[in-house]
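Next up, my_file_8.cif (mmCIF, C-alpha atoms):
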data_final
#
loop_
_atom_site.group_PDB
_atom_site.id
_atom_site.type_symbol
_atom_site.label_atom_id
_atom_site.label_comp_id
_atom_site.auth_asym_id
_atom_site.auth_seq_id
_atom_site.Cartn_x
_atom_site.Cartn_y
_atom_site.Cartn_z
ATOM 1 C CA MET A 1 124.266 137.883 -167.866
ATOM 2 C CA VAL A 2 125.306 134.434 -166.735
ATOM 3 C CA VAL A 3 125.874 132.101 -169.665
ATOM 4 C CA THR A 4 124.027 128.799 -169.286
ATOM 5 C CA GLN A 5 124.128 125.617 -171.300
ATOM 6 C CA GLU A 6 121.015 126.869 -173.078
ATOM 7 C CA ASN A 7 122.708 130.133 -174.078
ATOM 8 C CA VAL A 8 125.733 128.286 -175.395
ATOM 9 C CA ALA A 9 123.574 126.024 -177.530
ATOM 10 C CA VAL A 10 121.341 128.753 -178.901
ATOM 11 C CA ASN A 11 124.206 131.099 -179.719
ATOM 12 C CA GLY A 12 126.206 128.356 -181.383
ATOM 13 C CA SER A 13 125.500 126.288 -184.463
ATOM 14 C CA ARG A 14 124.718 122.951 -182.876
ATOM 15 C CA LYS A 15 121.242 121.657 -182.137
ATOM 16 C CA LEU A 16 120.019 121.614 -178.558
ATOM 17 C CA SER A 17 120.729 118.325 -176.798
ATOM 18 C CA PRO A 18 118.670 116.674 -174.025
ATOM 19 C CA GLN A 19 121.258 117.946 -171.529
ATOM 20 C CA ASP A 20 120.892 121.519 -172.816
ATOM 21 C CA ILE A 21 117.129 121.363 -172.295
ATOM 22 C CA ALA A 22 117.501 119.733 -168.881
ATOM 23 C CA ASP A 23 119.863 122.524 -167.827
ATOM 24 C CA ALA A 24 117.464 125.213 -169.055
ATOM 25 C CA LEU A 25 114.535 123.691 -167.152
ATOM 26 C CA ARG A 26 116.749 123.172 -164.095
ATOM 27 C CA ASP A 27 117.566 126.903 -164.102
ATOM 28 C CA ARG A 28 113.852 127.712 -164.166
ATOM 29 C CA ILE A 29 113.234 125.458 -161.161
ATOM 30 C CA ARG A 30 116.164 126.934 -159.268
ATOM 31 C CA SER A 31 115.107 130.543 -160.011
ATOM 32 C CA GLY A 32 111.547 129.903 -158.831
ATOM 33 C CA ALA A 33 109.991 130.379 -162.246
ATOM 34 C CA LEU A 34 108.813 126.790 -161.795
ATOM 35 C CA LYS A 35 107.791 126.093 -158.205
ATOM 36 C CA PRO A 36 107.330 122.786 -156.310
ATOM 37 C CA GLY A 37 104.060 121.216 -157.419
ATOM 38 C CA ASP A 38 103.856 123.156 -160.693
ATOM 39 C CA ARG A 39 103.144 121.167 -163.824
ATOM 40 C CA LEU A 40 105.540 121.588 -166.710
ATOM 41 C CA PRO A 41 104.207 122.286 -170.202
ATOM 42 C CA THR A 42 103.469 119.238 -172.327
ATOM 43 C CA GLN A 43 106.267 117.562 -174.230
ATOM 44 C CA ALA A 44 104.790 118.927 -177.455
ATOM 45 C CA VAL A 45 104.890 122.505 -176.143
ATOM 46 C CA LEU A 46 108.462 122.103 -174.872
ATOM 47 C CA ALA A 47 109.538 120.521 -178.149
ATOM 48 C CA GLU A 48 108.157 123.516 -180.054
ATOM 49 C CA GLU A 49 109.785 125.996 -177.645
ATOM 50 C CA PHE A 50 113.257 124.445 -177.936
ATOM 51 C CA GLY A 51 112.956 123.462 -181.581
ATOM 52 C CA VAL A 52 113.603 119.744 -181.050
ATOM 53 C CA GLU A 53 111.818 116.406 -181.334
ATOM 54 C CA ARG A 54 109.642 115.134 -178.487
ATOM 55 C CA GLY A 55 112.091 112.313 -177.856
ATOM 56 C CA THR A 56 114.782 114.864 -177.004
ATOM 57 C CA VAL A 57 112.452 116.558 -174.515
ATOM 58 C CA ARG A 58 111.535 113.185 -173.014
ATOM 59 C CA GLN A 59 115.210 112.392 -172.420
ATOM 60 C CA ALA A 60 115.690 115.768 -170.722
ATOM 61 C CA LEU A 61 112.728 115.165 -168.411
ATOM 62 C CA ARG A 62 114.087 111.761 -167.424
ATOM 63 C CA THR A 63 117.406 113.382 -166.557
ATOM 64 C CA LEU A 64 115.653 115.839 -164.238
ATOM 65 C CA GLN A 65 113.633 113.022 -162.714
ATOM 66 C CA GLY A 66 116.868 111.149 -162.013
ATOM 67 C CA ASP A 67 118.180 114.280 -160.257
ATOM 68 C CA GLY A 68 115.091 114.345 -158.051
ATOM 69 C CA LEU A 69 113.744 117.584 -159.515
ATOM 70 C CA LEU A 70 110.652 116.200 -161.270
ATOM 71 C CA ALA A 71 107.958 113.763 -160.239
ATOM 72 C CA ASN A 72 105.412 111.772 -162.249
ATOM 73 C CA VAL A 73 107.390 111.707 -165.480
ATOM 74 C CA SER A 74 105.293 109.590 -167.814
ATOM 75 C CA LYS A 75 103.804 109.626 -171.280
ATOM 76 C CA GLY A 76 100.320 110.229 -169.885
ATOM 77 C CA SER A 77 100.608 113.706 -168.402
ATOM 78 C CA PRO A 78 103.157 116.495 -167.888
ATOM 79 C CA PRO A 79 105.411 115.981 -164.862
ATOM 80 C CA ARG A 80 105.347 118.141 -161.754
ATOM 81 C CA VAL A 81 108.237 119.897 -160.074
ATOM 82 C CA ALA A 82 109.216 117.771 -157.079
ATOM 83 C CA ALA A 83 108.469 118.964 -153.570
ATOM 84 C CA ALA A 84 111.063 121.270 -152.061
ATOM 85 C CA PRO A 85 113.354 119.848 -149.373
ATOM 86 C CA SER A 86 112.517 120.561 -145.755
ATOM 87 C CA ALA A 87 113.711 123.895 -144.444
ATOM 88 C CA PRO A 88 116.954 123.727 -142.463
ATOM 89 C CA ALA A 89 117.044 124.146 -138.723
ATOM 90 C CA ALA A 90 117.808 127.587 -137.325
ATOM 91 C CA SER A 91 121.327 126.472 -136.477
ATOM 92 C CA GLY A 92 122.001 125.948 -140.175
ATOM 93 C CA VAL A 93 123.633 122.561 -139.579
ATOM 94 C CA GLU A 94 120.933 120.385 -141.126
ATOM 95 C CA PRO A 95 122.039 118.933 -144.469
ATOM 96 C CA GLN A 96 120.300 120.067 -147.649
ATOM 97 C CA ALA A 97 120.420 118.823 -151.210
ATOM 98 C CA SER A 98 123.667 119.980 -152.810
ATOM 99 C CA MET A 99 121.930 122.164 -155.383
ATOM 100 C CA VAL A 100 119.957 123.914 -152.616
ATOM 101 C CA GLY A 101 122.614 124.166 -149.921
ATOM 102 C CA LEU A 102 125.655 125.242 -151.915
ATOM 103 C CA ALA A 103 124.397 128.507 -153.444
ATOM 104 C CA PRO A 104 123.895 130.471 -150.188
ATOM 105 C CA ARG A 105 127.217 129.237 -148.793
ATOM 106 C CA LEU A 106 128.974 130.418 -151.958
ATOM 107 C CA ALA A 107 127.236 133.786 -151.702
ATOM 108 C CA GLU A 108 128.547 134.106 -148.155
ATOM 109 C CA ALA A 109 132.056 133.129 -149.278
ATOM 110 C CA PHE A 110 131.923 135.727 -152.072
ATOM 111 C CA SER A 111 131.231 138.471 -149.518
ATOM 112 C CA GLN A 112 134.934 138.370 -148.628
ATOM 113 C CA PRO A 113 137.455 140.534 -150.522
ATOM 114 C CA HIS A 114 139.530 137.564 -151.629
ATOM 115 C CA VAL A 115 137.559 134.424 -152.519
ATOM 116 C CA ARG A 116 139.231 131.014 -152.579
ATOM 117 C CA ILE A 117 137.220 127.943 -153.577
ATOM 118 C CA ASP A 118 138.716 124.435 -153.801
ATOM 119 C CA VAL A 119 136.572 121.603 -155.154
ATOM 120 C CA VAL A 120 136.796 117.831 -155.528
ATOM 121 C CA SER A 121 133.893 116.545 -157.604
ATOM 122 C CA PHE A 122 132.700 114.089 -160.248
ATOM 123 C CA THR A 123 131.535 116.853 -162.608
ATOM 124 C CA ALA A 124 131.172 120.624 -162.227
ATOM 125 C CA GLU A 125 127.370 120.571 -162.545
ATOM 126 C CA THR A 126 126.401 121.518 -158.978
ATOM 127 C CA LEU A 127 129.084 124.199 -158.756
ATOM 128 C CA MET A 128 128.125 125.601 -162.175
ATOM 129 C CA ILE A 129 124.501 125.992 -161.095
ATOM 130 C CA ALA A 130 125.183 127.233 -157.542
ATOM 131 C CA LEU A 131 127.659 129.892 -158.679
ATOM 132 C CA GLY A 132 124.787 131.587 -160.476
ATOM 133 C CA GLU A 133 123.718 133.095 -157.127
ATOM 134 C CA PRO A 134 126.955 134.942 -156.185
ATOM 135 C CA VAL A 135 127.482 135.947 -159.828
ATOM 136 C CA ARG A 136 123.974 137.411 -159.886
ATOM 137 C CA LEU A 137 124.684 139.339 -156.663
ATOM 138 C CA ILE A 138 127.904 140.689 -158.145
ATOM 139 C CA HIS A 139 126.035 141.963 -161.194
ATOM 140 C CA GLU A 140 123.463 143.564 -158.878
ATOM 141 C CA GLY A 141 126.242 145.301 -156.942
ATOM 142 C CA THR A 142 125.456 143.508 -153.684
ATOM 143 C CA LEU A 143 128.796 141.683 -153.691
ATOM 144 C CA ARG A 144 132.117 143.002 -154.928
ATOM 145 C CA PRO A 145 135.102 140.732 -154.245
ATOM 146 C CA GLU A 146 138.519 141.899 -155.388
ATOM 147 C CA SER A 147 139.775 138.482 -156.458
ATOM 148 C CA ILE A 148 138.385 134.985 -157.062
ATOM 149 C CA SER A 149 140.529 131.851 -157.122
ATOM 150 C CA VAL A 150 138.915 128.519 -157.955
ATOM 151 C CA ARG A 151 140.700 125.151 -158.182
ATOM 152 C CA ILE A 152 138.749 122.083 -159.289
ATOM 153 C CA LEU A 153 139.765 118.424 -159.236
ATOM 154 C CA LEU A 154 137.766 116.135 -161.569
ATOM 155 C CA PRO A 155 138.268 112.493 -162.639
ATOM 156 C CA SER A 156 140.619 111.977 -165.553
ATOM 157 C CA SER A 157 139.178 111.027 -168.926
ATOM 158 C CA GLU A 158 141.832 108.319 -169.165
ATOM 159 C CA ILE A 159 140.591 106.127 -166.316
ATOM 160 C CA ASP A 160 137.963 103.388 -166.180
ATOM 161 C CA LEU A 161 135.267 105.125 -164.123
ATOM 162 C CA ALA A 162 133.592 103.267 -161.268
ATOM 163 C CA PHE A 163 130.312 104.933 -162.338
ATOM 164 C CA PRO A 164 128.290 105.373 -164.437
ATOM 165 C CA LYS A 165 128.425 101.713 -165.439
ATOM 166 C CA PRO A 166 125.951 99.747 -167.605
ATOM 167 C CA ILE A 167 124.148 97.212 -165.438
ATOM 168 C CA ASP A 168 124.216 94.544 -168.134
ATOM 169 C CA GLY A 169 127.254 94.089 -170.337
ATOM 170 C CA GLU A 170 130.078 96.347 -171.374
ATOM 171 C CA ASP A 171 129.983 100.012 -172.328
ATOM 172 C CA GLU A 172 129.635 99.338 -176.052
ATOM 173 C CA GLY A 173 131.698 101.814 -177.994
ATOM 174 C CA GLY A 174 132.409 103.748 -174.806
ATOM 175 C CA ARG A 175 129.124 105.646 -175.204
ATOM 176 C CA VAL A 176 128.388 105.966 -171.482
ATOM 177 C CA HIS A 177 131.918 107.179 -170.824
ATOM 178 C CA GLN A 178 131.717 109.698 -173.669
ATOM 179 C CA ARG A 179 128.414 110.997 -172.310
ATOM 180 C CA TRP A 180 130.044 111.678 -168.936
ATOM 181 C CA LEU A 181 133.096 113.227 -170.578
ATOM 182 C CA GLN A 182 130.988 115.608 -172.646
ATOM 183 C CA LEU A 183 129.108 116.718 -169.529
ATOM 184 C CA ARG A 184 132.328 117.167 -167.545
ATOM 185 C CA ASN A 185 133.953 119.275 -170.239
ATOM 186 C CA THR A 186 130.931 121.392 -171.172
ATOM 187 C CA GLN A 187 130.009 122.201 -167.578
ATOM 188 C CA GLY A 188 133.598 123.108 -166.810
ATOM 189 C CA GLN A 189 133.787 125.381 -169.850
ATOM 190 C CA VAL A 190 130.560 127.195 -168.932
ATOM 191 C CA LEU A 191 131.731 127.600 -165.338
ATOM 192 C CA ARG A 192 135.062 129.032 -166.451
ATOM 193 C CA HIS A 193 133.396 131.409 -168.920
ATOM 194 C CA ASN A 194 130.975 132.767 -166.309
ATOM 195 C CA LEU A 195 133.761 133.499 -163.833
ATOM 196 C CA ARG A 196 136.197 134.964 -166.350
ATOM 197 C CA ALA A 197 133.463 137.274 -167.606
ATOM 198 C CA LEU A 198 133.578 139.014 -164.211
ATOM 199 C CA ARG A 199 137.094 140.177 -165.021
ATOM 200 C CA GLN A 200 135.867 142.158 -168.000
ATOM 201 C CA SER A 201 132.551 143.339 -166.572
ATOM 202 C CA HIS A 202 133.680 144.239 -163.029
ATOM 203 C CA GLY A 203 137.480 144.288 -163.057
ATOM 204 C CA ILE A 204 137.686 141.365 -160.632
ATOM 205 C CA GLU A 205 140.881 139.330 -160.694
ATOM 206 C CA VAL A 206 139.822 135.781 -161.600
ATOM 207 C CA ASP A 207 141.897 132.605 -161.663
ATOM 208 C CA ILE A 208 140.204 129.255 -162.344
ATOM 209 C CA SER A 209 142.108 126.046 -162.972
ATOM 210 C CA PHE A 210 141.341 122.342 -163.355
ATOM 211 C CA ARG A 211 143.371 119.217 -162.699
ATOM 212 C CA ALA A 212 142.581 115.535 -163.279
ATOM 213 C CA LEU A 213 142.440 112.793 -160.659
ATOM 214 C CA PRO A 214 143.465 109.185 -161.407
ATOM 215 C CA PHE A 215 140.399 107.806 -159.602
ATOM 216 C CA THR A 216 136.617 108.158 -159.405
ATOM 217 C CA THR A 217 135.920 110.286 -156.356
ATOM 218 C CA PRO A 218 133.118 108.815 -154.164
ATOM 219 C CA VAL A 219 132.453 112.202 -152.520
ATOM 220 C CA LYS A 220 132.196 115.846 -153.452
ATOM 221 C CA LEU A 221 134.025 118.404 -151.340
ATOM 222 C CA TYR A 222 133.826 122.206 -151.401
ATOM 223 C CA LEU A 223 136.341 124.235 -149.402
ATOM 224 C CA LEU A 224 135.349 127.879 -149.001
ATOM 225 C CA ASN A 225 138.014 130.437 -148.081
ATOM 226 C CA GLY A 226 139.809 127.841 -145.986
ATOM 227 C CA ARG A 227 137.149 128.235 -143.277
ATOM 228 C CA GLU A 228 134.281 125.988 -144.323
ATOM 229 C CA ALA A 229 134.109 122.477 -145.739
ATOM 230 C CA LEU A 230 130.979 121.130 -147.428
ATOM 231 C CA LEU A 231 130.886 117.369 -147.975
ATOM 232 C CA ALA A 232 128.411 115.138 -149.817
ATOM 233 C CA TYR A 233 128.498 111.438 -150.629
ATOM 234 C CA TYR A 234 127.721 110.148 -154.101
ATOM 235 C CA THR A 235 125.109 107.435 -153.587
ATOM 236 C CA ILE A 236 124.953 104.939 -156.435
ATOM 237 C CA GLY A 237 121.609 103.762 -157.784
ATOM 238 C CA ARG A 238 119.942 102.547 -160.948
ATOM 239 C CA ASN A 239 119.257 105.128 -163.637
ATOM 240 C CA THR A 240 118.255 105.217 -167.290
ATOM 241 C CA LEU A 241 120.837 107.094 -169.344
ATOM 242 C CA ASP A 242 120.046 108.529 -172.744
ATOM 243 C CA VAL A 243 123.026 107.734 -174.944
ATOM 244 C CA GLY A 244 122.573 108.988 -178.472
ATOM 245 C CA THR A 245 119.408 107.424 -179.822
ATOM 246 C CA THR A 246 119.305 104.594 -177.288
ATOM 247 C CA GLU A 247 118.765 104.153 -173.548
ATOM 248 C CA VAL A 248 121.144 102.342 -171.216
ATOM 249 C CA GLU A 249 120.270 101.033 -167.753
ATOM 250 C CA ALA A 250 123.232 101.942 -165.575
ATOM 251 C CA TYR A 251 124.483 102.379 -162.061
ATOM 252 C CA ASP A 252 124.893 106.133 -161.661
ATOM 253 C CA VAL A 253 124.793 108.952 -159.112
ATOM 254 C CA GLY A 254 122.642 112.060 -158.723
ATOM 255 C CA GLY A 255 124.998 114.672 -157.351
ATOM 256 C CA LEU A 256 122.489 117.542 -157.264
ATOM 257 C CA THR A 257 120.371 115.809 -154.636
ATOM 258 C CA SER A 258 123.199 114.469 -152.434
ATOM 259 C CA PRO A 259 122.852 115.864 -148.876
ATOM 260 C CA LEU A 260 125.529 118.460 -148.184
ATOM 261 C CA PHE A 261 127.098 118.492 -144.709
ATOM 262 C CA SER A 262 128.754 121.674 -143.450
ATOM 263 C CA PHE A 263 131.785 121.952 -141.163
ATOM 264 C CA GLU A 264 133.009 125.400 -140.145
ATOM 265 C CA THR A 265 136.209 126.481 -138.458
ATOM 266 C CA GLY A 266 135.496 127.598 -134.898
ATOM 267 C CA ALA A 267 132.124 125.827 -134.583
ATOM 268 C CA THR A 268 133.637 122.923 -132.620
ATOM 269 C CA HIS A 269 137.094 121.426 -132.288
ATOM 270 C CA ARG A 270 135.958 118.550 -134.483
ATOM 271 C CA ASP A 271 134.646 120.888 -137.179
ATOM 272 C CA THR A 272 137.892 122.866 -137.155
ATOM 273 C CA ALA A 273 139.934 119.681 -137.467
ATOM 274 C CA PHE A 274 137.740 118.454 -140.327
ATOM 275 C CA VAL A 275 138.193 121.690 -142.287
ATOM 276 C CA ASP A 276 141.961 121.658 -141.725
ATOM 277 C CA GLU A 277 142.388 118.012 -142.705
ATOM 278 C CA SER A 278 140.126 118.418 -145.745
ATOM 279 C CA GLN A 279 142.251 121.324 -146.946
ATOM 280 C CA LYS A 280 145.414 119.269 -146.443
ATOM 281 C CA TRP A 281 143.853 116.392 -148.402
ATOM 282 C CA PHE A 282 142.906 118.649 -151.288
ATOM 283 C CA THR A 283 146.313 120.306 -151.397
ATOM 284 C CA ALA A 284 148.076 116.942 -151.359
ATOM 285 C CA LEU A 285 145.991 115.689 -154.289
ATOM 286 C CA TRP A 286 146.520 118.926 -156.222
ATOM 287 C CA GLU A 287 150.289 118.934 -155.748
ATOM 288 C CA THR A 288 151.056 115.208 -156.157
ATOM 289 C CA ILE A 289 149.025 112.701 -158.174
ATOM 290 C CA SER A 290 146.725 115.030 -160.137
ATOM 291 C CA THR A 291 147.643 115.919 -163.728
ATOM 292 C CA ASP A 292 146.911 118.657 -166.242
ATOM 293 C CA LEU A 293 143.314 118.694 -167.476
ATOM 294 C CA THR A 294 142.274 120.222 -170.789
ATOM 295 C CA LEU A 295 138.560 120.902 -171.260
ATOM 296 C CA SER A 296 137.116 120.741 -174.763
ATOM 297 C CA TRP A 297 133.604 121.276 -176.106
#
Could you write out this structure as C-alpha cells?
Amino acid sequence: MVVTQENVAVNGSRKLSPQDIADALRDRIRSGALKPGDRLPTQAVLAEEFGVERGTVRQALRTLQGDGLLANVSKGSPPRVAAAPSAPAASGVEPQASMVGLAPRLAEAFSQPHVRIDVVSFTAETLMIALGEPVRLIHEGTLRPESISVRILLPSSEIDLAFPKPIDGEDEGGRVHQRWLQLRNTQGQVLRHNLRALRQSHGIEVDISFRALPFTTPVKLYLLNGREALLAYYTIGRNTLDVGTTEVEAYDVGGLTSPLFSFETGATHRDTAFVDESQKWFTALWETISTDLTLSW
C-alpha cells in the first residue's frame, strides 16, 4: 500500500493538520472516488470523519481551491470538485495540469528495466502524488523495473524564498517560511518511504537522493530516463495561506495546476536539443552549487 500523508498522520501520534486532510481529499479526487462536479460532504461531516475542528477542514478546502481542484468553496454550501481539464490531443503534445499529465508519463518511464528520474522543483508534492500511479502498477504486477534512481533538487531552507511572500509586511516569526519548509520535508519523506518500500516488497533496487539549491526555482522540470523532459512554469498569484491559527494573504504558486509541456528525444531536432540541454543543466546544478539536504518531519 502506498503511504500517504493521511496514513502517516493516522498511524502516528500527532493530530491531523489541514495539509493532511487536503492531501487525503486530493487522493480521492485523483483516484476518481470524487469526480468533477461532485459535491464534497459538509464541513461538519468531514470534521467528524477526520476527528478535527471545522476550522481545520475549512483550511484544507481553501488549500484545494488554491490548487484549482475545488470550486465554490464558501460557508454556505459544500464545494464541488472542479471541472476536469480538457482531454489532450491525439498527438499527446497538448499541455495538461502537472498533477494530471505527470502520472501517465511516469508510468511509461517505469516500464523500462532501469528507471532514472531527475527533478528540479519547489516542493515534491506533484511528484509524490503522481508516483502513486507507477507504484500502484508495480504492486499489481503490471510493471516490474529492476532499478529506480531518483534525484531531486529543492530550494534550500537557508535562503530567503522569492515565494510564498506575505503581500503586506514581513513574514512575522518566519511562519510562512516554516509552513513551506514543513511541506517540503514531509512530502519528501513520504515520497522516499513509498519508493524505498518497493525494495522490501518487490526486491527492486531503489536509490533516492535530495540536494538543496541556493535559489527559488521559477520552473519545475522532470527528466525521465534521459529521453523526455517535462517543464512547467510556476505562475505567481494571490493566495490565502493558513499559518497556524491565522490566515496570511501572500503571493504564492499552485504547482499542481501548472501546465506541463513535454519534449521527447527524437520527436524533432528542437525537442532532442531541449532534452539534452535540460539534462546538462540538471547535472551541472547537482554537481556544482547544490548542497546536502536533510529532510526532517
Expected residue set, 9 Å radius at (134.3, 109.2, -150.9), all atoms listed in the file, as a PyMOL selection string: chain A and resi 216-220+232-234
Neighbour list for range 37-53 of chain A as a ChimeraX atom specification, cut-off 8 Å, only C-alpha atoms, skip fewer than 4 positions in-chain: /A:15-16,21,57-58,77-83
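Distance-wise, CA of Arg270 in chain A and CA of Val115 in chain A end up 24.1 Å apart.
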Residue IDs satisfying the PyMOL selection byres ((chain A and resi 241) around 9), as a list of chain:residue names: A:Gln59, A:Arg62, A:Thr63, A:Val176, A:Asn239, A:Thr240, A:Asp242, A:Val243, A:Thr246, A:Glu247, A:Val248, A:Glu249, A:Ala250, A:Asp252
Centre, edges in Å (one decimal): axis-aligned box, range 149-154 of chain A, 8 Å padding on all six sides, as lines of an AutoDock Vina configuration file:
center_x = 139.2
center_y = 124.0
center_z = -159.3
size_x = 18.9
size_y = 31.7
size_z = 20.4
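Remark: for Leu137 in chain A, the closest of the candidate residues A:Leu181, A:Ala107, A:Ile208, A:Leu198 is A:Ala107 (distances computed over only C-alpha atoms).
Neighbouring residues of Leu221 in chain A at 8 Å or closer, counting only C-alpha atoms and skipping chain neighbours under 4 positions away, are Val119, Val120, Ser121, Ala229, Leu230, Leu231 and Ala232 of chain A.
Nearest residue to Thr283 in chain A, choosing from A:Arg105, A:Arg28, A:Arg54, A:Arg211 and counting all atoms listed in the file: A:Arg211.
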Residues within 12 Å of Arg136 in chain A, all atoms listed in the file, excluding chain neighbours under 6 positions, as a PyMOL selection string: chain A and resi 1-3+31+103-104+106-107+110+129-130+142-144+194-195+198
From A:Leu295, A:Leu161, A:Ala267, A:Leu256, residue lying nearest Arg26 in chain A [all atoms listed in the file]: A:Leu256
Result set of the PyMOL selection byres ((chain A and resi 185) around 9) on the coordinates above, as a list in words: Thr123, Ala124, Trp180, Leu181, Gln182, Leu183, Arg184, Thr186, Gln187, Gly188, Gln189, Val190, Thr294, Leu295, Ser296 and Trp297 of chain A
Can you list, as a CSV table (one decimal) with C-alpha atoms, keeping the file's coordinate frame, the residues that the PyMOL selection byres ((chain A and resi 25) around 10) selects here?
chain,number,residue,atom,x,y,z
A,6,GLU,CA,121.0,126.9,-173.1
A,19,GLN,CA,121.3,117.9,-171.5
A,20,ASP,CA,120.9,121.5,-172.8
A,21,ILE,CA,117.1,121.4,-172.3
A,22,ALA,CA,117.5,119.7,-168.9
A,23,ASP,CA,119.9,122.5,-167.8
A,24,ALA,CA,117.5,125.2,-169.1
A,26,ARG,CA,116.7,123.2,-164.1
A,27,ASP,CA,117.6,126.9,-164.1
A,28,ARG,CA,113.9,127.7,-164.2
A,29,ILE,CA,113.2,125.5,-161.2
A,30,ARG,CA,116.2,126.9,-159.3
A,31,SER,CA,115.1,130.5,-160.0
A,33,ALA,CA,110.0,130.4,-162.2
A,34,LEU,CA,108.8,126.8,-161.8
A,40,LEU,CA,105.5,121.6,-166.7
A,46,LEU,CA,108.5,122.1,-174.9
A,60,ALA,CA,115.7,115.8,-170.7
A,61,LEU,CA,112.7,115.2,-168.4
A,64,LEU,CA,115.7,115.8,-164.2
A,69,LEU,CA,113.7,117.6,-159.5
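Here the question is which of A:Leu70, A:Pro113, A:Ile152, A:Gly141 gets nearest to Leu285 in chain A using all atoms listed in the file, and that residue is A:Ile152.
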Using all atoms listed in the file: which of A:Leu223, A:Ile159, A:Ala97, A:Ile117 has the shortest distance to Val206 in chain A: A:Ile117
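The spacing separating CA of Arg227 in chain A from CA of Leu154 in chain A amounts to 21.9 Å.
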Length of the CA of Leu260 in chain A to CA of Tyr222 in chain A vector [Å]: 9.7 Å
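Closest approach to Phe210 in chain A among A:Pro155, A:Gly68, A:Gly266, A:Glu108 is made by A:Pro155 (distances from all atoms listed in the file).
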